[in-house]
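One file, coords_38.cif, is given below (mmCIF, N, CA and C atoms and all ligand atoms).
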data_input
#
loop_
_atom_site.group_PDB
_atom_site.id
_atom_site.type_symbol
_atom_site.label_atom_id
_atom_site.label_comp_id
_atom_site.auth_asym_id
_atom_site.auth_seq_id
_atom_site.Cartn_x
_atom_site.Cartn_y
_atom_site.Cartn_z
ATOM 1 N N MET G 1 46.715 70.079 6.151
ATOM 2 C CA MET G 1 47.560 70.538 5.050
ATOM 3 C C MET G 1 47.683 69.498 3.963
ATOM 4 N N GLY G 2 47.593 69.980 2.888
ATOM 5 C CA GLY G 2 47.710 69.048 1.757
ATOM 6 C C GLY G 2 48.509 69.654 0.641
ATOM 7 N N PHE G 3 48.864 68.816 -0.195
ATOM 8 C CA PHE G 3 49.587 69.371 -1.354
ATOM 9 C C PHE G 3 48.752 69.186 -2.619
ATOM 10 N N LYS G 4 48.851 70.154 -3.375
ATOM 11 C CA LYS G 4 48.041 70.144 -4.585
ATOM 12 C C LYS G 4 48.774 69.433 -5.718
ATOM 13 N N ALA G 5 48.074 68.519 -6.200
ATOM 14 C CA ALA G 5 48.626 67.836 -7.378
ATOM 15 C C ALA G 5 47.930 68.368 -8.605
ATOM 16 N N LYS G 6 48.701 69.022 -9.294
ATOM 17 C CA LYS G 6 48.120 69.596 -10.510
ATOM 18 C C LYS G 6 48.272 68.624 -11.679
ATOM 19 N N ALA G 7 47.171 68.144 -12.005
ATOM 20 C CA ALA G 7 47.196 67.244 -13.166
ATOM 21 C C ALA G 7 47.022 68.062 -14.419
ATOM 22 N N ARG G 8 48.082 68.124 -15.039
ATOM 23 C CA ARG G 8 48.030 68.935 -16.256
ATOM 24 C C ARG G 8 47.580 68.082 -17.428
ATOM 25 N N LYS G 9 46.591 68.553 -17.982
ATOM 26 C CA LYS G 9 46.119 67.822 -19.153
ATOM 27 C C LYS G 9 46.629 68.505 -20.403
ATOM 28 N N HIS G 10 47.503 67.790 -20.989
ATOM 29 C CA HIS G 10 48.055 68.363 -22.210
ATOM 30 C C HIS G 10 47.179 67.986 -23.396
ATOM 31 N N LYS G 11 46.666 68.997 -23.892
ATOM 32 C CA LYS G 11 45.781 68.729 -25.028
ATOM 33 C C LYS G 11 46.602 68.542 -26.301
ATOM 34 N N SER G 12 46.551 67.350 -26.747
ATOM 35 C CA SER G 12 47.267 67.088 -27.999
ATOM 36 C C SER G 12 46.256 66.732 -29.077
ATOM 37 N N GLU G 13 46.193 67.599 -29.953
ATOM 38 C CA GLU G 13 45.216 67.353 -31.017
ATOM 39 C C GLU G 13 45.845 66.500 -32.105
ATOM 40 N N SER G 14 45.326 65.365 -32.180
ATOM 41 C CA SER G 14 45.815 64.501 -33.256
ATOM 42 C C SER G 14 45.243 64.996 -34.572
ATOM 43 N N GLY G 15 46.159 65.321 -35.384
ATOM 44 C CA GLY G 15 45.759 65.921 -36.661
ATOM 45 C C GLY G 15 44.785 65.058 -37.433
ATOM 46 N N GLU G 16 44.441 65.576 -38.510
ATOM 47 C CA GLU G 16 43.465 64.858 -39.319
ATOM 48 C C GLU G 16 44.060 63.535 -39.812
ATOM 49 N N GLU G 17 43.267 62.534 -39.701
ATOM 50 C CA GLU G 17 43.750 61.228 -40.140
ATOM 51 C C GLU G 17 43.557 61.090 -41.641
ATOM 52 N N THR G 18 44.641 60.754 -42.234
ATOM 53 C CA THR G 18 44.552 60.569 -43.680
ATOM 54 C C THR G 18 44.053 59.160 -43.973
ATOM 55 N N THR G 19 42.842 59.120 -44.329
ATOM 56 C CA THR G 19 42.261 57.803 -44.624
ATOM 57 C C THR G 19 42.444 57.492 -46.104
ATOM 58 N N THR G 20 43.361 56.617 -46.309
ATOM 59 C CA THR G 20 43.602 56.225 -47.693
ATOM 60 C C THR G 20 42.756 54.995 -48.017
ATOM 61 N N ALA G 21 41.855 55.205 -48.867
ATOM 62 C CA ALA G 21 40.978 54.102 -49.249
ATOM 63 C C ALA G 21 41.784 53.044 -49.988
ATOM 64 N N LYS G 22 41.861 51.917 -49.362
ATOM 65 C CA LYS G 22 42.632 50.853 -49.993
ATOM 66 C C LYS G 22 41.798 50.155 -51.060
ATOM 67 N N LYS G 23 42.389 50.120 -52.215
ATOM 68 C CA LYS G 23 41.675 49.445 -53.294
ATOM 69 C C LYS G 23 42.007 47.960 -53.260
ATOM 70 N N SER G 24 41.044 47.216 -52.897
ATOM 71 C CA SER G 24 41.274 45.770 -52.826
ATOM 72 C C SER G 24 40.633 45.099 -54.035
ATOM 73 N N SER G 25 41.316 45.249 -55.118
ATOM 74 C CA SER G 25 40.788 44.626 -56.325
ATOM 75 C C SER G 25 41.232 43.169 -56.366
ATOM 76 N N PRO G 26 40.300 42.300 -56.600
ATOM 77 C CA PRO G 26 40.651 40.874 -56.657
ATOM 78 C C PRO G 26 41.578 40.586 -57.813
ATOM 79 N N LYS G 27 42.496 39.699 -57.564
ATOM 80 C CA LYS G 27 43.455 39.365 -58.607
ATOM 81 C C LYS G 27 42.769 38.628 -59.742
ATOM 82 N N VAL G 28 43.012 39.129 -60.899
ATOM 83 C CA VAL G 28 42.449 38.481 -62.072
ATOM 84 C C VAL G 28 43.582 38.088 -63.001
ATOM 85 N N GLY G 29 43.559 36.860 -63.374
ATOM 86 C CA GLY G 29 44.611 36.377 -64.239
ATOM 87 C C GLY G 29 44.325 36.658 -65.700
ATOM 88 N N GLU G 30 45.319 36.432 -66.488
ATOM 89 C CA GLU G 30 45.150 36.639 -67.928
ATOM 90 C C GLU G 30 45.067 35.324 -68.683
ATOM 91 N N ILE G 31 45.698 34.312 -68.090
ATOM 92 C CA ILE G 31 45.722 33.019 -68.765
ATOM 93 C C ILE G 31 44.775 32.063 -68.057
ATOM 94 N N PRO G 32 43.700 31.700 -68.702
ATOM 95 C CA PRO G 32 42.757 30.772 -68.074
ATOM 96 C C PRO G 32 43.346 29.372 -67.962
ATOM 97 N N CYS G 33 42.934 28.684 -66.949
ATOM 98 C CA CYS G 33 43.409 27.316 -66.755
ATOM 99 C C CYS G 33 43.008 26.459 -67.951
ATOM 100 N N GLY G 34 43.914 25.617 -68.379
ATOM 101 C CA GLY G 34 43.657 24.809 -69.563
ATOM 102 C C GLY G 34 42.681 23.676 -69.328
ATOM 103 N N VAL G 35 42.391 23.405 -68.075
ATOM 104 C CA VAL G 35 41.442 22.335 -67.784
ATOM 105 C C VAL G 35 40.025 22.872 -67.939
ATOM 106 N N LYS G 36 39.259 22.203 -68.770
ATOM 107 C CA LYS G 36 37.941 22.733 -69.113
ATOM 108 C C LYS G 36 37.005 22.812 -67.922
ATOM 109 N N SER G 37 37.137 21.875 -67.036
ATOM 110 C CA SER G 37 36.222 21.851 -65.898
ATOM 111 C C SER G 37 36.676 22.796 -64.790
ATOM 112 N N CYS G 38 37.719 23.546 -65.055
ATOM 113 C CA CYS G 38 38.262 24.443 -64.033
ATOM 114 C C CYS G 38 38.222 25.878 -64.546
ATOM 115 N N ASP G 39 37.938 26.792 -63.642
ATOM 116 C CA ASP G 39 37.942 28.182 -64.082
ATOM 117 C C ASP G 39 38.989 29.000 -63.324
ATOM 118 N N GLY G 40 40.068 28.337 -63.016
ATOM 119 C CA GLY G 40 41.172 29.037 -62.361
ATOM 120 C C GLY G 40 42.043 29.748 -63.380
ATOM 121 N N PHE G 41 43.128 30.310 -62.883
ATOM 122 C CA PHE G 41 44.038 31.016 -63.770
ATOM 123 C C PHE G 41 45.422 30.385 -63.712
ATOM 124 N N ALA G 42 46.037 30.333 -64.847
ATOM 125 C CA ALA G 42 47.330 29.655 -64.940
ATOM 126 C C ALA G 42 48.483 30.642 -65.047
ATOM 127 N N ASP G 43 48.230 31.879 -64.696
ATOM 128 C CA ASP G 43 49.322 32.854 -64.747
ATOM 129 C C ASP G 43 50.444 32.450 -63.803
ATOM 130 N N LYS G 44 51.615 32.909 -64.126
ATOM 131 C CA LYS G 44 52.755 32.584 -63.272
ATOM 132 C C LYS G 44 52.565 33.132 -61.866
ATOM 133 N N SER G 45 51.962 34.312 -61.791
ATOM 134 C CA SER G 45 51.758 34.924 -60.485
ATOM 135 C C SER G 45 50.745 34.147 -59.654
ATOM 136 N N PHE G 46 50.035 33.230 -60.296
ATOM 137 C CA PHE G 46 49.069 32.409 -59.582
ATOM 138 C C PHE G 46 49.628 31.019 -59.304
ATOM 139 N N GLY G 47 50.868 30.831 -59.674
ATOM 140 C CA GLY G 47 51.462 29.516 -59.465
ATOM 141 C C GLY G 47 51.101 28.532 -60.553
ATOM 142 N N GLY G 48 50.695 29.051 -61.678
ATOM 143 C CA GLY G 48 50.308 28.174 -62.783
ATOM 144 C C GLY G 48 51.504 27.500 -63.410
ATOM 145 N N ARG G 49 51.237 26.393 -64.052
ATOM 146 C CA ARG G 49 52.313 25.648 -64.722
ATOM 147 C C ARG G 49 51.832 25.251 -66.103
ATOM 148 N N SER G 50 52.771 24.838 -66.901
ATOM 149 C CA SER G 50 52.380 24.315 -68.201
ATOM 150 C C SER G 50 52.807 22.861 -68.284
ATOM 151 N N LEU G 51 51.877 22.059 -68.729
ATOM 152 C CA LEU G 51 52.148 20.637 -68.858
ATOM 153 C C LEU G 51 52.179 20.279 -70.341
ATOM 154 N N SER G 52 52.787 19.164 -70.619
ATOM 155 C CA SER G 52 52.755 18.706 -72.005
ATOM 156 C C SER G 52 51.389 18.080 -72.281
ATOM 157 N N ILE G 53 51.079 17.945 -73.554
ATOM 158 C CA ILE G 53 49.787 17.378 -73.927
ATOM 159 C C ILE G 53 49.625 15.981 -73.323
ATOM 160 N N ASP G 54 50.681 15.196 -73.417
ATOM 161 C CA ASP G 54 50.617 13.837 -72.896
ATOM 162 C C ASP G 54 50.272 13.825 -71.419
ATOM 163 N N ASN G 55 50.886 14.732 -70.708
ATOM 164 C CA ASN G 55 50.622 14.796 -69.275
ATOM 165 C C ASN G 55 49.168 15.162 -68.990
ATOM 166 N N ALA G 56 48.661 16.080 -69.795
ATOM 167 C CA ALA G 56 47.281 16.519 -69.593
ATOM 168 C C ALA G 56 46.302 15.392 -69.896
ATOM 169 N N ILE G 57 46.597 14.644 -70.944
ATOM 170 C CA ILE G 57 45.708 13.542 -71.315
ATOM 171 C C ILE G 57 45.645 12.514 -70.197
ATOM 172 N N ASP G 58 46.795 12.271 -69.569
ATOM 173 C CA ASP G 58 46.855 11.290 -68.492
ATOM 174 C C ASP G 58 45.835 11.583 -67.402
ATOM 175 N N VAL G 59 45.647 12.848 -67.124
ATOM 176 C CA VAL G 59 44.805 13.212 -65.982
ATOM 177 C C VAL G 59 43.405 13.626 -66.411
ATOM 178 N N TRP G 60 43.311 14.394 -67.467
ATOM 179 C CA TRP G 60 42.002 14.955 -67.816
ATOM 180 C C TRP G 60 41.410 14.368 -69.093
ATOM 181 N N GLY G 61 42.088 13.395 -69.640
ATOM 182 C CA GLY G 61 41.505 12.740 -70.802
ATOM 183 C C GLY G 61 41.767 13.492 -72.099
ATOM 184 N N ASP G 62 41.234 12.943 -73.168
ATOM 185 C CA ASP G 62 41.544 13.456 -74.493
ATOM 186 C C ASP G 62 40.959 14.842 -74.750
ATOM 187 N N SER G 63 39.823 15.109 -74.173
ATOM 188 C CA SER G 63 39.175 16.382 -74.499
ATOM 189 C C SER G 63 38.859 17.195 -73.244
ATOM 190 N N GLY G 64 39.568 16.898 -72.196
ATOM 191 C CA GLY G 64 39.286 17.592 -70.944
ATOM 192 C C GLY G 64 40.145 18.816 -70.720
ATOM 193 N N TYR G 65 40.898 19.172 -71.720
ATOM 194 C CA TYR G 65 41.812 20.295 -71.556
ATOM 195 C C TYR G 65 41.818 21.165 -72.808
ATOM 196 N N THR G 66 42.366 22.326 -72.687
ATOM 197 C CA THR G 66 42.521 23.210 -73.842
ATOM 198 C C THR G 66 44.001 23.422 -74.105
ATOM 199 N N GLU G 67 44.375 23.196 -75.327
ATOM 200 C CA GLU G 67 45.781 23.283 -75.686
ATOM 201 C C GLU G 67 46.183 24.715 -76.009
ATOM 202 N N ARG G 68 47.371 25.039 -75.627
ATOM 203 C CA ARG G 68 47.916 26.359 -75.969
ATOM 204 C C ARG G 68 49.330 26.181 -76.470
ATOM 205 N N LYS G 69 49.477 26.315 -77.751
ATOM 206 C CA LYS G 69 50.801 26.203 -78.360
ATOM 207 C C LYS G 69 51.520 24.917 -77.974
ATOM 208 N N GLY G 70 50.795 23.844 -78.057
ATOM 209 C CA GLY G 70 51.413 22.554 -77.791
ATOM 210 C C GLY G 70 51.608 22.242 -76.319
ATOM 211 N N ARG G 71 51.179 23.146 -75.476
ATOM 212 C CA ARG G 71 51.276 22.924 -74.038
ATOM 213 C C ARG G 71 49.905 23.150 -73.418
ATOM 214 N N VAL G 72 49.760 22.687 -72.227
ATOM 215 C CA VAL G 72 48.515 22.921 -71.510
ATOM 216 C C VAL G 72 48.831 23.720 -70.259
ATOM 217 N N ARG G 73 48.330 24.916 -70.227
ATOM 218 C CA ARG G 73 48.560 25.765 -69.059
ATOM 219 C C ARG G 73 47.523 25.401 -68.008
ATOM 220 N N VAL G 74 48.011 25.093 -66.843
ATOM 221 C CA VAL G 74 47.085 24.719 -65.778
ATOM 222 C C VAL G 74 47.320 25.607 -64.558
ATOM 223 N N CYS G 75 46.272 25.744 -63.777
ATOM 224 C CA CYS G 75 46.384 26.550 -62.571
ATOM 225 C C CYS G 75 47.083 25.735 -61.485
ATOM 226 N N LYS G 76 47.312 26.374 -60.389
ATOM 227 C CA LYS G 76 48.070 25.749 -59.314
ATOM 228 C C LYS G 76 47.401 24.470 -58.801
ATOM 229 N N SER G 77 46.101 24.561 -58.599
ATOM 230 C CA SER G 77 45.410 23.402 -58.018
ATOM 231 C C SER G 77 45.353 22.254 -59.015
ATOM 232 N N CYS G 78 45.240 22.584 -60.297
ATOM 233 C CA CYS G 78 45.222 21.524 -61.291
ATOM 234 C C CYS G 78 46.605 20.890 -61.409
ATOM 235 N N TYR G 79 47.617 21.719 -61.264
ATOM 236 C CA TYR G 79 48.971 21.177 -61.312
ATOM 237 C C TYR G 79 49.193 20.215 -60.155
ATOM 238 N N ARG G 80 48.661 20.582 -59.009
ATOM 239 C CA ARG G 80 48.813 19.706 -57.851
ATOM 240 C C ARG G 80 48.066 18.404 -58.052
ATOM 241 N N LYS G 81 46.933 18.517 -58.696
ATOM 242 C CA LYS G 81 46.154 17.315 -58.986
ATOM 243 C C LYS G 81 46.930 16.424 -59.944
ATOM 244 N N TRP G 82 47.546 17.061 -60.938
ATOM 245 C CA TRP G 82 48.332 16.289 -61.886
ATOM 246 C C TRP G 82 49.532 15.642 -61.186
ATOM 247 N N LYS G 83 50.134 16.410 -60.320
ATOM 248 C CA LYS G 83 51.308 15.913 -59.620
ATOM 249 C C LYS G 83 50.964 14.711 -58.747
ATOM 250 N N LYS G 84 49.776 14.785 -58.193
ATOM 251 C CA LYS G 84 49.319 13.679 -57.349
ATOM 252 C C LYS G 84 49.192 12.393 -58.160
ATOM 253 N N ASP G 85 48.726 12.571 -59.386
ATOM 254 C CA ASP G 85 48.528 11.400 -60.244
ATOM 255 C C ASP G 85 49.823 10.930 -60.886
ATOM 256 N N ASN G 86 50.865 11.732 -60.758
ATOM 257 C CA ASN G 86 52.136 11.372 -61.375
ATOM 258 C C ASN G 86 53.258 11.391 -60.345
ATOM 259 N N LYS G 87 53.108 10.550 -59.388
ATOM 260 C CA LYS G 87 54.073 10.556 -58.290
ATOM 261 C C LYS G 87 55.454 10.094 -58.729
ATOM 262 N N SER G 88 55.486 9.417 -59.864
ATOM 263 C CA SER G 88 56.786 8.930 -60.336
ATOM 264 C C SER G 88 57.689 10.104 -60.739
ATOM 265 N N GLU G 89 57.038 11.204 -61.094
ATOM 266 C CA GLU G 89 57.828 12.348 -61.539
ATOM 267 C C GLU G 89 58.028 13.356 -60.410
ATOM 268 N N ASP G 90 58.169 12.833 -59.263
ATOM 269 C CA ASP G 90 58.385 13.726 -58.113
ATOM 270 C C ASP G 90 59.798 14.294 -58.137
ATOM 271 N N THR G 91 59.881 15.538 -58.385
ATOM 272 C CA THR G 91 61.210 16.159 -58.375
ATOM 273 C C THR G 91 61.216 17.300 -57.370
ATOM 274 N N TYR G 92 61.908 17.074 -56.336
ATOM 275 C CA TYR G 92 62.010 18.136 -55.310
ATOM 276 C C TYR G 92 63.398 18.751 -55.299
HETATM 277 ZN ZN ZN J 101 42.711 24.550 -63.040
#
As C-alpha cells, what does this structure read like?
Ligand SMILES: [Zn+2]
Amino acid sequence: MGFKAKARKHKSESGEETTTAKKSSPKVGEIPCGVKSCDGFADKSFGGRSLSIDNAIDVWGDSGYTERKGRVRVCKSCYRKWKKDNKSEDTY
C-alpha cells in the first residue's frame, strides 16, 4: 500500500517581459576643460572648478590654459592636479 503524492504543477505563465532598452548615452559636458593639454569637461556635474588666472599660470604656465571670462574652468582631474601643487591652500 502506498499513498499517492500528487505533485501538482501549477503552471504560471510569466507574462511578457517588458524589455526597456536602456539608453546609455555617455555624459558629454558643455564646458571644455580650460587646460589645453586636457580634453576633459569642466561642467559642474563633472566636478569641474574655476580657477583664477594666477592659479592656472602657476600650474600650467602662461599659455597652457584657456581663459574664460577672467577665470579658467578646469575639469575635476585638473583641479586635483592644481590642488596638489598648491597644498598651502588646503581648505577642508
Ligand atoms: Zn582638465
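Nearest to Lys36 in chain G of all the residues G:Tyr79, G:Arg71, G:Tyr65, G:Asp58 is G:Tyr65, counting all atoms listed in the file.
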| Taking into account only C-alpha atoms, which residue in the set G:Trp60, G:Gly70, G:Glu30, G:Lys84 is nearest to Ala42 in chain G? |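 Checking each candidate against Ala42 in chain G, we get G:Glu30 as the closest.
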| field | Given 8 Å and only N, CA and C atoms and all ligand atoms, residues near ligand ZN 101 (chain J) as a ChimeraX atom specification | value | /G:32-42,73-79
| task | Would you mind reading off the distance between atom C of Gly48 in chain G and atom C of Glu67 in chain G, one decimal, in Å? | result |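 Answer for the atom C of Gly48 in chain G to atom C of Glu67 in chain G separation: 14.0 Å.
Between atom N of Gly29 in chain G and atom C of Asn55 in chain G there is a distance of 23.1 Å.
Put simply, CA of Lys87 in chain G is 27.0 Å away from atom N of Ile31 in chain G.
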